[in-house]
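**Q** Questions regarding the structure given below will be posed in turn.
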Amino acid sequence: MAAIPTHVKAWTYSEYGPSADVLKFNQSVPLPELKPDQVLIKVAAVSLNPLDYKRMAGGFKDTDSPLPTVPGYDVAGVVVNVGSQVKKFKVGDEVYGDINEKALEYPKVMGSLAEYTAAEEKLLAHKPQNLSFAEAASLPLTIETAYVGLELAGFSAGKSILVLGGAGGVGSHVIQLAKHFYGASKVAATSSTGKLELLRKLGADSPIDYTKENFEDLPEKFDVVYDAVGQTERAFKALKEGGKVVTIVPPGFPPAIFFILTSDGSILEKLRSHLESGKVKPILDPKSPFPFSQTIEAFSYLETNRATGKVVIHPI
């Protein structure tokens with residue numbers, strides 16, 4: 001291993017605002033001090049999430065960490081140092097994860113959009129061997145969110161589900177997990193016209209073009225509706241009696257189950273065999289990966305809401 005530097009290159013922002021205005025490339029950011037339960041990661045790839053630019057815009061500044069901040073939740077890379085209490089990983093291990101345990105409560109000042117970052121061992125998992133760093137980096141926040149939502153809804157084999165926003169980061173994993181991990185009896189999902197074929201490839205039995213039909217007018221009703229786009233009130237009209245709506249879009253409207261992810265590397269370990277077998281696949285937007293130097297362009301693209309799957313930065 002090359003010597004670990006004391007200062008690294010990273011993207012930072014020192015004030016809240018639109019990503020194109022506030023995000024700056026910083027040539028010399030101090031390396032974070034390694035805590036006993038953390039590993040230091042040489043970052044290979046990062047994926048961007050809407051959460052990143054919402055945070056940058058000051059969307060939850062009351063519970064944010066102090067500025068200046070390096071953004072970024074998802075990471076894939078190689079362990080270059082381990083804290084004294086770390087048991088699961090050793091130097092040289094390839095790992096991935098969402099490095100912020102509570103998405104909206106004091107996320108790390110040193111996020112993943114840097115040459116090196118530190119993260120607690122419990123938030124990370126071993127990278128599936130068949131996945132590239134870019135593919136692995138695309139997964140953690142969205143696939144964990146998909147899994148936790150299905151668990152909260154009590155999803156299980158033989159149940160039917162409607163996914164609102166099936167071509168997005170979370171929705172594309174909900175479809176795959178519902179079908180291939182849980183054994184759904186039927187998966188329906190909404191998207192725009194150009195993404196219906198992707199929904200089929202992911203495992204949707206019934207792709208719905210939201211530009212042409214309203215899902216709540218369909219005769220068929222579902223055991224679970226997973227709302228990844230913020231249509232919770234409409235979602236209840238597509239529900240069977242006794243069914244559940246789960247949503248990741250605030251405010252959530254009870255009785256919908258609304259949650260914000262708590263990152264957990266054990267979820268990634270649990271899904272590892274399905275990822276290594278290829279039953280569950282990472283979905284990268286065709287424009288991905290963006291090089292590290294084009295992080296601002298990558299955010300601008302993500303903010304159009306036209307991305308299919310995940311926008312990834314690689315190499316770092």
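In the structure tokens, chains take letters A, B, ... by order of appearance, with residues numbered from 1 within each chain and ligands from 1 in the order shown.
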Neighbouring residues of A:Pro107 were defined as those with any atom within 7 Å, considering only C-alpha atoms; residues of the same chain fewer than 6 positions away were excluded. Please report them as JSON, numbers by chain.
**A** {"A": [64, 65, 100]}
**Q** Just write the chosen residues, N, CA, C and O atoms, as a PDB file, in the first residue's frame.
**A**
```pdb
ATOM      1  N   ASP A  64     -27.926  19.061  10.554  1.00  0.00           N
ATOM      2  CA  ASP A  64     -26.765  18.755   9.730  1.00  0.00           C
ATOM      3  C   ASP A  64     -25.478  18.940  10.534  1.00  0.00           C
ATOM      4  O   ASP A  64     -25.467  19.557  11.596  1.00  0.00           O
ATOM      5  N   SER A  65     -24.398  18.395   9.999  1.00  0.00           N
ATOM      6  CA  SER A  65     -23.081  18.606  10.588  1.00  0.00           C
ATOM      7  C   SER A  65     -22.569  19.984  10.191  1.00  0.00           C
ATOM      8  O   SER A  65     -23.061  20.573   9.229  1.00  0.00           O
ATOM      9  N   ASN A 100     -23.216   6.986   6.230  1.00  0.00           N
ATOM     10  CA  ASN A 100     -23.937   7.791   7.225  1.00  0.00           C
ATOM     11  C   ASN A 100     -25.059   6.974   7.845  1.00  0.00           C
ATOM     12  O   ASN A 100     -26.032   6.640   7.177  1.00  0.00           O
TER      13      ASN A 100
END
```
**Q** Could you pull out all residues of stretch 190-314 of chain A with a DSSP call of strand (DSSP E) and give them as a PDB file with all heavy atoms, in the first residue's frame?
**A**
```pdb
ATOM      1  N   THR A 190     -44.661   1.636 -12.044  1.00  0.00           N
ATOM      2  CA  THR A 190     -44.908   2.779 -12.927  1.00  0.00           C
ATOM      3  C   THR A 190     -43.590   3.380 -13.412  1.00  0.00           C
ATOM      4  O   THR A 190     -42.581   3.372 -12.704  1.00  0.00           O
ATOM      5  CB  THR A 190     -45.711   3.882 -12.214  1.00  0.00           C
ATOM      6  OG1 THR A 190     -44.922   4.418 -11.133  1.00  0.00           O
ATOM      7  CG2 THR A 190     -47.029   3.351 -11.669  1.00  0.00           C
ATOM      8  N   SER A 191     -43.625   3.902 -14.641  1.00  0.00           N
ATOM      9  CA  SER A 191     -42.510   4.696 -15.170  1.00  0.00           C
ATOM     10  C   SER A 191     -43.030   5.461 -16.376  1.00  0.00           C
ATOM     11  O   SER A 191     -44.174   5.287 -16.793  1.00  0.00           O
ATOM     12  CB  SER A 191     -41.327   3.810 -15.584  1.00  0.00           C
ATOM     13  OG  SER A 191     -41.598   3.169 -16.821  1.00  0.00           O
ATOM     14  N   SER A 206     -46.099  -6.282 -14.738  1.00  0.00           N
ATOM     15  CA  SER A 206     -47.064  -5.332 -15.287  1.00  0.00           C
ATOM     16  C   SER A 206     -46.489  -3.912 -15.245  1.00  0.00           C
ATOM     17  O   SER A 206     -46.679  -3.190 -14.271  1.00  0.00           O
ATOM     18  CB  SER A 206     -48.356  -5.436 -14.454  1.00  0.00           C
ATOM     19  OG  SER A 206     -49.297  -4.515 -14.877  1.00  0.00           O
ATOM     20  N   PRO A 207     -45.758  -3.504 -16.298  1.00  0.00           N
ATOM     21  CA  PRO A 207     -45.249  -2.131 -16.355  1.00  0.00           C
ATOM     22  C   PRO A 207     -46.392  -1.170 -16.707  1.00  0.00           C
ATOM     23  O   PRO A 207     -47.184  -1.449 -17.606  1.00  0.00           O
ATOM     24  CB  PRO A 207     -44.212  -2.174 -17.485  1.00  0.00           C
ATOM     25  CG  PRO A 207     -44.025  -3.625 -17.822  1.00  0.00           C
ATOM     26  CD  PRO A 207     -45.286  -4.308 -17.429  1.00  0.00           C
ATOM     27  N   ILE A 208     -46.468  -0.058 -15.987  1.00  0.00           N
ATOM     28  CA  ILE A 208     -47.557   0.909 -16.181  1.00  0.00           C
ATOM     29  C   ILE A 208     -46.957   2.243 -16.622  1.00  0.00           C
ATOM     30  O   ILE A 208     -46.101   2.800 -15.926  1.00  0.00           O
ATOM     31  CB  ILE A 208     -48.350   1.095 -14.869  1.00  0.00           C
ATOM     32  CG1 ILE A 208     -48.974  -0.230 -14.420  1.00  0.00           C
ATOM     33  CG2 ILE A 208     -49.421   2.171 -15.018  1.00  0.00           C
ATOM     34  CD1 ILE A 208     -49.373  -0.253 -12.956  1.00  0.00           C
ATOM     35  N   ASP A 209     -47.402   2.738 -17.754  1.00  0.00           N
ATOM     36  CA  ASP A 209     -46.944   4.022 -18.282  1.00  0.00           C
ATOM     37  C   ASP A 209     -47.751   5.137 -17.620  1.00  0.00           C
ATOM     38  O   ASP A 209     -48.921   5.342 -17.941  1.00  0.00           O
ATOM     39  CB  ASP A 209     -47.128   4.039 -19.801  1.00  0.00           C
ATOM     40  CG  ASP A 209     -46.569   5.303 -20.437  1.00  0.00           C
ATOM     41  OD1 ASP A 209     -46.348   6.296 -19.718  1.00  0.00           O
ATOM     42  OD2 ASP A 209     -46.361   5.285 -21.668  1.00  0.00           O
ATOM     43  N   PHE A 222     -53.540  -4.220  -4.864  1.00  0.00           N
ATOM     44  CA  PHE A 222     -52.284  -4.844  -4.440  1.00  0.00           C
ATOM     45  C   PHE A 222     -52.176  -4.971  -2.923  1.00  0.00           C
ATOM     46  O   PHE A 222     -52.760  -4.183  -2.176  1.00  0.00           O
ATOM     47  CB  PHE A 222     -51.104  -4.021  -4.971  1.00  0.00           C
ATOM     48  CG  PHE A 222     -51.082  -3.947  -6.473  1.00  0.00           C
ATOM     49  CD1 PHE A 222     -51.787  -2.951  -7.150  1.00  0.00           C
ATOM     50  CD2 PHE A 222     -50.404  -4.896  -7.215  1.00  0.00           C
ATOM     51  CE1 PHE A 222     -51.790  -2.895  -8.532  1.00  0.00           C
ATOM     52  CE2 PHE A 222     -50.399  -4.856  -8.597  1.00  0.00           C
ATOM     53  CZ  PHE A 222     -51.094  -3.855  -9.263  1.00  0.00           C
ATOM     54  N   ASP A 223     -51.371  -5.954  -2.485  1.00  0.00           N
ATOM     55  CA  ASP A 223     -51.122  -6.141  -1.048  1.00  0.00           C
ATOM     56  C   ASP A 223     -50.265  -5.015  -0.481  1.00  0.00           C
ATOM     57  O   ASP A 223     -50.442  -4.594   0.658  1.00  0.00           O
ATOM     58  CB  ASP A 223     -50.405  -7.475  -0.802  1.00  0.00           C
ATOM     59  CG  ASP A 223     -51.270  -8.671  -1.154  1.00  0.00           C
ATOM     60  OD1 ASP A 223     -52.400  -8.750  -0.636  1.00  0.00           O
ATOM     61  OD2 ASP A 223     -50.823  -9.517  -1.955  1.00  0.00           O
ATOM     62  N   VAL A 224     -49.299  -4.557  -1.285  1.00  0.00           N
ATOM     63  CA  VAL A 224     -48.399  -3.487  -0.853  1.00  0.00           C
ATOM     64  C   VAL A 224     -48.229  -2.497  -2.003  1.00  0.00           C
ATOM     65  O   VAL A 224     -48.100  -2.903  -3.166  1.00  0.00           O
ATOM     66  CB  VAL A 224     -47.010  -4.053  -0.445  1.00  0.00           C
ATOM     67  CG1 VAL A 224     -45.998  -2.926  -0.222  1.00  0.00           C
ATOM     68  CG2 VAL A 224     -47.127  -4.900   0.825  1.00  0.00           C
ATOM     69  N   VAL A 225     -48.229  -1.204  -1.677  1.00  0.00           N
ATOM     70  CA  VAL A 225     -47.811  -0.188  -2.639  1.00  0.00           C
ATOM     71  C   VAL A 225     -46.576   0.492  -2.043  1.00  0.00           C
ATOM     72  O   VAL A 225     -46.611   0.978  -0.918  1.00  0.00           O
ATOM     73  CB  VAL A 225     -48.914   0.862  -2.919  1.00  0.00           C
ATOM     74  CG1 VAL A 225     -48.392   1.900  -3.927  1.00  0.00           C
ATOM     75  CG2 VAL A 225     -50.180   0.200  -3.440  1.00  0.00           C
ATOM     76  N   TYR A 226     -45.462   0.448  -2.800  1.00  0.00           N
ATOM     77  CA  TYR A 226     -44.219   1.087  -2.357  1.00  0.00           C
ATOM     78  C   TYR A 226     -44.076   2.390  -3.140  1.00  0.00           C
ATOM     79  O   TYR A 226     -43.861   2.387  -4.339  1.00  0.00           O
ATOM     80  CB  TYR A 226     -43.024   0.165  -2.646  1.00  0.00           C
ATOM     81  CG  TYR A 226     -41.759   0.533  -1.883  1.00  0.00           C
ATOM     82  CD1 TYR A 226     -41.131  -0.386  -1.050  1.00  0.00           C
ATOM     83  CD2 TYR A 226     -41.188   1.808  -1.994  1.00  0.00           C
ATOM     84  CE1 TYR A 226     -39.969  -0.053  -0.357  1.00  0.00           C
ATOM     85  CE2 TYR A 226     -40.039   2.148  -1.299  1.00  0.00           C
ATOM     86  CZ  TYR A 226     -39.439   1.210  -0.478  1.00  0.00           C
ATOM     87  OH  TYR A 226     -38.293   1.548   0.209  1.00  0.00           O
ATOM     88  N   ASP A 227     -44.204   3.508  -2.425  1.00  0.00           N
ATOM     89  CA  ASP A 227     -44.187   4.823  -3.058  1.00  0.00           C
ATOM     90  C   ASP A 227     -42.793   5.436  -2.952  1.00  0.00           C
ATOM     91  O   ASP A 227     -42.373   5.869  -1.887  1.00  0.00           O
ATOM     92  CB  ASP A 227     -45.236   5.725  -2.381  1.00  0.00           C
ATOM     93  CG  ASP A 227     -45.104   7.178  -2.806  1.00  0.00           C
ATOM     94  OD1 ASP A 227     -44.655   7.417  -3.942  1.00  0.00           O
ATOM     95  OD2 ASP A 227     -45.448   8.058  -1.999  1.00  0.00           O
ATOM     96  N   LEU A 239     -54.844  -0.122  -3.270  1.00  0.00           N
ATOM     97  CA  LEU A 239     -54.554  -1.097  -2.220  1.00  0.00           C
ATOM     98  C   LEU A 239     -55.712  -2.068  -2.009  1.00  0.00           C
ATOM     99  O   LEU A 239     -56.873  -1.673  -2.026  1.00  0.00           O
ATOM    100  CB  LEU A 239     -54.300  -0.325  -0.918  1.00  0.00           C
ATOM    101  CG  LEU A 239     -53.338  -0.895   0.103  1.00  0.00           C
ATOM    102  CD1 LEU A 239     -51.985  -1.195  -0.499  1.00  0.00           C
ATOM    103  CD2 LEU A 239     -53.211   0.065   1.270  1.00  0.00           C
ATOM    104  N   LYS A 240     -55.369  -3.347  -1.788  1.00  0.00           N
ATOM    105  CA  LYS A 240     -56.371  -4.315  -1.333  1.00  0.00           C
ATOM    106  C   LYS A 240     -56.760  -3.983   0.107  1.00  0.00           C
ATOM    107  O   LYS A 240     -55.993  -3.347   0.831  1.00  0.00           O
ATOM    108  CB  LYS A 240     -55.761  -5.722  -1.318  1.00  0.00           C
ATOM    109  CG  LYS A 240     -55.645  -6.403  -2.658  1.00  0.00           C
ATOM    110  CD  LYS A 240     -55.089  -7.805  -2.440  1.00  0.00           C
ATOM    111  CE  LYS A 240     -54.816  -8.477  -3.766  1.00  0.00           C
ATOM    112  NZ  LYS A 240     -54.105  -9.752  -3.578  1.00  0.00           N
ATOM    113  N   GLU A 241     -57.906  -4.472   0.523  1.00  0.00           N
ATOM    114  CA  GLU A 241     -58.299  -4.294   1.919  1.00  0.00           C
ATOM    115  C   GLU A 241     -57.263  -4.982   2.814  1.00  0.00           C
ATOM    116  O   GLU A 241     -56.848  -6.114   2.548  1.00  0.00           O
ATOM    117  CB  GLU A 241     -59.682  -4.927   2.152  1.00  0.00           C
ATOM    118  CG  GLU A 241     -60.307  -4.438   3.439  1.00  0.00           C
ATOM    119  CD  GLU A 241     -61.773  -4.845   3.570  1.00  0.00           C
ATOM    120  OE1 GLU A 241     -62.443  -5.012   2.534  1.00  0.00           O
ATOM    121  OE2 GLU A 241     -62.208  -4.999   4.712  1.00  0.00           O
ATOM    122  N   GLY A 242     -56.805  -4.274   3.828  1.00  0.00           N
ATOM    123  CA  GLY A 242     -55.778  -4.829   4.718  1.00  0.00           C
ATOM    124  C   GLY A 242     -54.369  -4.682   4.193  1.00  0.00           C
ATOM    125  O   GLY A 242     -53.413  -5.103   4.842  1.00  0.00           O
ATOM    126  N   GLY A 243     -54.225  -4.070   3.017  1.00  0.00           N
ATOM    127  CA  GLY A 243     -52.889  -3.874   2.435  1.00  0.00           C
ATOM    128  C   GLY A 243     -52.157  -2.714   3.085  1.00  0.00           C
ATOM    129  O   GLY A 243     -52.712  -1.987   3.919  1.00  0.00           O
ATOM    130  N   LYS A 244     -50.906  -2.522   2.693  1.00  0.00           N
ATOM    131  CA  LYS A 244     -50.080  -1.469   3.310  1.00  0.00           C
ATOM    132  C   LYS A 244     -49.402  -0.618   2.252  1.00  0.00           C
ATOM    133  O   LYS A 244     -48.926  -1.128   1.239  1.00  0.00           O
ATOM    134  CB  LYS A 244     -49.013  -2.105   4.208  1.00  0.00           C
ATOM    135  CG  LYS A 244     -49.609  -2.698   5.481  1.00  0.00           C
ATOM    136  CD  LYS A 244     -48.559  -3.288   6.364  1.00  0.00           C
ATOM    137  CE  LYS A 244     -49.207  -3.833   7.644  1.00  0.00           C
ATOM    138  NZ  LYS A 244     -48.307  -4.691   8.400  1.00  0.00           N
ATOM    139  N   VAL A 245     -49.327   0.692   2.560  1.00  0.00           N
ATOM    140  CA  VAL A 245     -48.558   1.624   1.737  1.00  0.00           C
ATOM    141  C   VAL A 245     -47.294   1.981   2.519  1.00  0.00           C
ATOM    142  O   VAL A 245     -47.359   2.332   3.701  1.00  0.00           O
ATOM    143  CB  VAL A 245     -49.358   2.911   1.438  1.00  0.00           C
ATOM    144  CG1 VAL A 245     -48.473   3.945   0.737  1.00  0.00           C
ATOM    145  CG2 VAL A 245     -50.587   2.598   0.585  1.00  0.00           C
ATOM    146  N   VAL A 246     -46.152   1.890   1.852  1.00  0.00           N
ATOM    147  CA  VAL A 246     -44.903   2.322   2.470  1.00  0.00           C
ATOM    148  C   VAL A 246     -44.313   3.420   1.583  1.00  0.00           C
ATOM    149  O   VAL A 246     -44.397   3.351   0.354  1.00  0.00           O
ATOM    150  CB  VAL A 246     -43.920   1.136   2.651  1.00  0.00           C
ATOM    151  CG1 VAL A 246     -43.510   0.537   1.325  1.00  0.00           C
ATOM    152  CG2 VAL A 246     -42.685   1.546   3.435  1.00  0.00           C
ATOM    153  N   THR A 247     -43.769   4.468   2.199  1.00  0.00           N
ATOM    154  CA  THR A 247     -43.238   5.585   1.412  1.00  0.00           C
ATOM    155  C   THR A 247     -41.933   6.107   2.004  1.00  0.00           C
ATOM    156  O   THR A 247     -41.711   6.027   3.222  1.00  0.00           O
ATOM    157  CB  THR A 247     -44.261   6.726   1.295  1.00  0.00           C
ATOM    158  OG1 THR A 247     -43.718   7.753   0.444  1.00  0.00           O
ATOM    159  CG2 THR A 247     -44.590   7.339   2.651  1.00  0.00           C
ATOM    160  N   ILE A 257     -46.801   3.911   5.947  1.00  0.00           N
ATOM    161  CA  ILE A 257     -45.590   3.692   6.736  1.00  0.00           C
ATOM    162  C   ILE A 257     -44.488   4.543   6.108  1.00  0.00           C
ATOM    163  O   ILE A 257     -44.050   4.276   4.998  1.00  0.00           O
ATOM    164  CB  ILE A 257     -45.186   2.207   6.704  1.00  0.00           C
ATOM    165  CG1 ILE A 257     -46.315   1.328   7.262  1.00  0.00           C
ATOM    166  CG2 ILE A 257     -43.889   1.977   7.471  1.00  0.00           C
ATOM    167  CD1 ILE A 257     -46.191  -0.138   6.887  1.00  0.00           C
ATOM    168  N   PHE A 258     -44.089   5.581   6.809  1.00  0.00           N
ATOM    169  CA  PHE A 258     -43.020   6.460   6.319  1.00  0.00           C
ATOM    170  C   PHE A 258     -41.765   6.199   7.134  1.00  0.00           C
ATOM    171  O   PHE A 258     -41.822   6.078   8.353  1.00  0.00           O
ATOM    172  CB  PHE A 258     -43.431   7.936   6.442  1.00  0.00           C
ATOM    173  CG  PHE A 258     -42.298   8.897   6.234  1.00  0.00           C
ATOM    174  CD1 PHE A 258     -41.712   9.026   4.988  1.00  0.00           C
ATOM    175  CD2 PHE A 258     -41.800   9.654   7.288  1.00  0.00           C
ATOM    176  CE1 PHE A 258     -40.648   9.904   4.785  1.00  0.00           C
ATOM    177  CE2 PHE A 258     -40.740  10.533   7.093  1.00  0.00           C
ATOM    178  CZ  PHE A 258     -40.167  10.663   5.839  1.00  0.00           C
ATOM    179  N   VAL A 311     -26.576   7.369 -10.687  1.00  0.00           N
ATOM    180  CA  VAL A 311     -25.505   8.195 -11.237  1.00  0.00           C
ATOM    181  C   VAL A 311     -24.265   7.954 -10.360  1.00  0.00           C
ATOM    182  O   VAL A 311     -24.304   8.151  -9.151  1.00  0.00           O
ATOM    183  CB  VAL A 311     -25.898   9.679 -11.230  1.00  0.00           C
ATOM    184  CG1 VAL A 311     -24.719  10.562 -11.651  1.00  0.00           C
ATOM    185  CG2 VAL A 311     -27.096   9.925 -12.149  1.00  0.00           C
ATOM    186  N   VAL A 312     -23.194   7.508 -11.017  1.00  0.00           N
ATOM    187  CA  VAL A 312     -21.992   7.066 -10.291  1.00  0.00           C
ATOM    188  C   VAL A 312     -20.770   7.890 -10.719  1.00  0.00           C
ATOM    189  O   VAL A 312     -20.652   8.282 -11.890  1.00  0.00           O
ATOM    190  CB  VAL A 312     -21.729   5.557 -10.563  1.00  0.00           C
ATOM    191  CG1 VAL A 312     -20.401   5.118  -9.977  1.00  0.00           C
ATOM    192  CG2 VAL A 312     -22.866   4.726  -9.985  1.00  0.00           C
ATOM    193  N   ILE A 313     -19.902   8.172  -9.742  1.00  0.00           N
ATOM    194  CA  ILE A 313     -18.621   8.840  -9.984  1.00  0.00           C
ATOM    195  C   ILE A 313     -17.513   7.792  -9.875  1.00  0.00           C
ATOM    196  O   ILE A 313     -17.378   7.128  -8.840  1.00  0.00           O
ATOM    197  CB  ILE A 313     -18.350   9.944  -8.933  1.00  0.00           C
ATOM    198  CG1 ILE A 313     -19.560  10.886  -8.776  1.00  0.00           C
ATOM    199  CG2 ILE A 313     -17.078  10.705  -9.274  1.00  0.00           C
ATOM    200  CD1 ILE A 313     -19.803  11.837  -9.888  1.00  0.00           C
TER     201      ILE A 313
END
```
**Q** Counting only C-alpha atoms, what is within 10 Å of stretch 53-55 of chain A, bar same-chain residues fewer than 6 positions away, as a PyMOL selection string?
**A** chain A and resi 16-20+23+61+64+71-72+103-104+107+299-300+302-303
**Q** Using DSSP on the backbone coordinates, identify the residues of stretch 93-273 of chain A assigned to helix (DSSP H, G or I); present them as a ChimeraX atom specification.
**A** /A:121-123,133-137,140-152,169-182,193-202,215-217,232-238,265-270,272-273
**Q** Quick one: residues within 7 Å of A:Thr12, only C-alpha atoms counted, chain neighbours fewer than 4 positions away excluded, as a tab-separated table (two decimals) with all heavy atoms, in the first residue's frame?
**A**
```tsv
chain	number	residue	atom	x	y	z
A	23	LEU	N	-20.69	23.83	-4.74
A	23	LEU	CA	-19.74	22.71	-4.70
A	23	LEU	C	-18.41	23.13	-5.33
A	23	LEU	O	-18.38	23.65	-6.45
A	23	LEU	CB	-20.34	21.52	-5.45
A	23	LEU	CG	-19.79	20.12	-5.14
A	23	LEU	CD1	-19.87	19.82	-3.65
A	23	LEU	CD2	-20.55	19.08	-5.94
A	24	LYS	N	-17.31	22.92	-4.62
A	24	LYS	CA	-15.99	23.34	-5.10
A	24	LYS	C	-15.00	22.17	-4.94
A	24	LYS	O	-15.09	21.40	-3.99
A	24	LYS	CB	-15.46	24.52	-4.26
A	24	LYS	CG	-16.40	25.72	-4.20
A	24	LYS	CD	-16.36	26.56	-5.47
A	24	LYS	CE	-17.21	27.81	-5.34
A	24	LYS	NZ	-18.44	27.78	-6.13
A	25	PHE	N	-14.04	22.12	-5.87
A	25	PHE	CA	-13.00	21.10	-5.79
A	25	PHE	C	-11.89	21.61	-4.87
A	25	PHE	O	-11.33	22.67	-5.10
A	25	PHE	CB	-12.43	20.78	-7.17
A	25	PHE	CG	-11.56	19.56	-7.18
A	25	PHE	CD1	-12.07	18.32	-6.81
A	25	PHE	CD2	-10.21	19.65	-7.52
A	25	PHE	CE1	-11.27	17.19	-6.81
A	25	PHE	CE2	-9.40	18.52	-7.52
A	25	PHE	CZ	-9.94	17.29	-7.17
A	26	ASN	N	-11.61	20.85	-3.82
A	26	ASN	CA	-10.64	21.26	-2.81
A	26	ASN	C	-9.44	20.31	-2.86
A	26	ASN	O	-9.59	19.10	-2.72
A	26	ASN	CB	-11.31	21.22	-1.43
A	26	ASN	CG	-10.50	21.89	-0.36
A	26	ASN	OD1	-9.28	21.84	-0.37
A	26	ASN	ND2	-11.19	22.52	0.59
A	68	PRO	N	-17.44	23.58	6.65
A	68	PRO	CA	-17.58	22.99	5.32
A	68	PRO	C	-17.70	21.46	5.37
A	68	PRO	O	-17.21	20.83	6.30
A	68	PRO	CB	-16.29	23.40	4.61
A	68	PRO	CG	-15.30	23.60	5.71
A	68	PRO	CD	-16.09	24.10	6.89
A	69	THR	N	-18.36	20.91	4.35
A	69	THR	CA	-18.69	19.50	4.31
A	69	THR	C	-18.27	18.89	2.98
A	69	THR	O	-18.40	19.52	1.94
A	69	THR	CB	-20.22	19.34	4.50
A	69	THR	OG1	-20.56	19.67	5.84
A	69	THR	CG2	-20.67	17.92	4.24
A	70	VAL	N	-17.81	17.64	3.05
A	70	VAL	CA	-17.64	16.80	1.86
A	70	VAL	C	-18.93	15.97	1.73
A	70	VAL	O	-19.24	15.21	2.63
A	70	VAL	CB	-16.43	15.85	2.01
A	70	VAL	CG1	-16.36	14.90	0.82
A	70	VAL	CG2	-15.14	16.64	2.16
A	71	PRO	N	-19.71	16.14	0.65
A	71	PRO	CA	-20.94	15.36	0.52
A	71	PRO	C	-20.66	13.90	0.16
A	71	PRO	O	-19.51	13.53	-0.07
A	71	PRO	CB	-21.69	16.07	-0.60
A	71	PRO	CG	-20.63	16.70	-1.44
A	71	PRO	CD	-19.50	17.03	-0.50
```
**Q** Pick the closest to A:Ser112 from A:Pro128, A:Gly168, A:Pro32, A:Pro282: which is it, counting only C-alpha atoms?
**A**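 So, comparing all the options, the nearest one is A:Pro32.
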**Q** From the options A:Val95, A:Lys35, A:Val163, A:Tyr182, which residue's atoms come nearest to A:Leu271, counting only C-alpha atoms?
**A**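 Answer, going by the shortest atom-to-atom distance: A:Tyr182.
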**Q** Restricting the calculation to only C-alpha atoms, which member of A:Ser185, A:Gln38, A:Ser160, A:Ser47 is positioned closest to A:Leu139?
**A**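 Counting only C-alpha atoms, the residue closest to A:Leu139 is A:Ser47.
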**Q** Near A:Ala119, within 8 Å and counting only C-alpha atoms, which residues show up once chain neighbours fewer than 3 positions away are dropped, as an NGL selection string?
**A** :A and (38-41 or 99-100 or 123-124)
**Q** Would you export the selected residues with all heavy atoms as a compact mmCIF listing (two decimals), in the first residue's frame, please?
**A**
```
# COMPACT_ATOMS: atom_id res chain seq x y z
N GLN A 38 -13.86 2.29 13.29
CA GLN A 38 -13.92 2.69 11.89
C GLN A 38 -12.80 2.05 11.06
O GLN A 38 -11.78 1.63 11.58
CB GLN A 38 -13.79 4.22 11.76
CG GLN A 38 -15.01 4.99 12.26
CD GLN A 38 -14.85 6.48 12.03
OE1 GLN A 38 -13.74 7.02 12.03
NE2 GLN A 38 -15.96 7.17 11.86
N VAL A 39 -13.05 2.03 9.74
CA VAL A 39 -11.99 1.69 8.79
C VAL A 39 -11.77 2.90 7.89
O VAL A 39 -12.68 3.68 7.64
CB VAL A 39 -12.33 0.45 7.94
CG1 VAL A 39 -12.61 -0.75 8.82
CG2 VAL A 39 -13.49 0.71 6.99
N LEU A 40 -10.54 3.04 7.43
CA LEU A 40 -10.22 4.08 6.45
C LEU A 40 -10.27 3.45 5.06
O LEU A 40 -9.68 2.39 4.83
CB LEU A 40 -8.83 4.66 6.72
CG LEU A 40 -8.44 5.85 5.84
CD1 LEU A 40 -9.31 7.08 6.14
CD2 LEU A 40 -6.96 6.21 6.01
N ILE A 41 -11.01 4.10 4.15
CA ILE A 41 -11.24 3.55 2.82
C ILE A 41 -10.57 4.44 1.78
O ILE A 41 -10.77 5.66 1.78
CB ILE A 41 -12.76 3.49 2.52
CG1 ILE A 41 -13.48 2.66 3.57
CG2 ILE A 41 -13.02 2.96 1.12
CD1 ILE A 41 -15.00 2.89 3.58
N ILE A 99 -22.14 5.39 4.25
CA ILE A 99 -21.29 5.70 5.41
C ILE A 99 -21.97 6.56 6.48
O ILE A 99 -21.36 6.84 7.51
CB ILE A 99 -19.96 6.36 4.98
CG1 ILE A 99 -20.20 7.75 4.38
CG2 ILE A 99 -19.21 5.46 4.00
CD1 ILE A 99 -18.91 8.55 4.18
N ASN A 100 -23.22 6.99 6.23
CA ASN A 100 -23.94 7.79 7.23
C ASN A 100 -25.06 6.97 7.84
O ASN A 100 -26.03 6.64 7.18
CB ASN A 100 -24.50 9.05 6.58
CG ASN A 100 -23.41 10.03 6.19
OD1 ASN A 100 -22.54 10.35 6.99
ND2 ASN A 100 -23.42 10.48 4.95
N LEU A 123 -21.42 -0.26 9.19
CA LEU A 123 -22.14 0.32 8.04
C LEU A 123 -21.67 -0.29 6.71
O LEU A 123 -22.28 -0.03 5.67
CB LEU A 123 -21.93 1.84 7.99
CG LEU A 123 -22.27 2.61 9.27
CD1 LEU A 123 -22.07 4.10 9.05
CD2 LEU A 123 -23.70 2.32 9.72
N LEU A 124 -20.63 -1.10 6.77
CA LEU A 124 -20.00 -1.59 5.55
C LEU A 124 -20.19 -3.09 5.38
O LEU A 124 -20.50 -3.81 6.32
CB LEU A 124 -18.49 -1.28 5.58
CG LEU A 124 -18.10 0.19 5.74
CD1 LEU A 124 -16.61 0.32 6.00
CD2 LEU A 124 -18.52 0.99 4.51
```
**Q** May I have the residues within 12 Å of A:Gly97 as a PyMOL selection string, using only C-alpha atoms and disregarding those fewer than 3 positions away in the same chain?
**A** chain A and resi 39+41+43+45-47+72-78+94+100-101+111-112+117-128+133+135-144+262-269
**Q** Find, counting only C-alpha atoms, the residue in A:Pro50, A:Gly252, A:Pro30, A:Gly309 that gets nearest to A:Ala167.
**A** A:Gly309
**Q** Rounded to one decimal, what separation in Å do you get between atom CA of A:Val280 and atom CA of A:Ile296?
**A**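 Atom CA of A:Ile296 lies 29.5 Å from atom CA of A:Val280.
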**Q** Nearest to A:Lys195: which of A:Pro66, A:Gly58, A:Gly166, A:Gly230 is it, counting only C-alpha atoms?
**A**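 With only C-alpha atoms as the atom set, the closest residue is A:Gly166.
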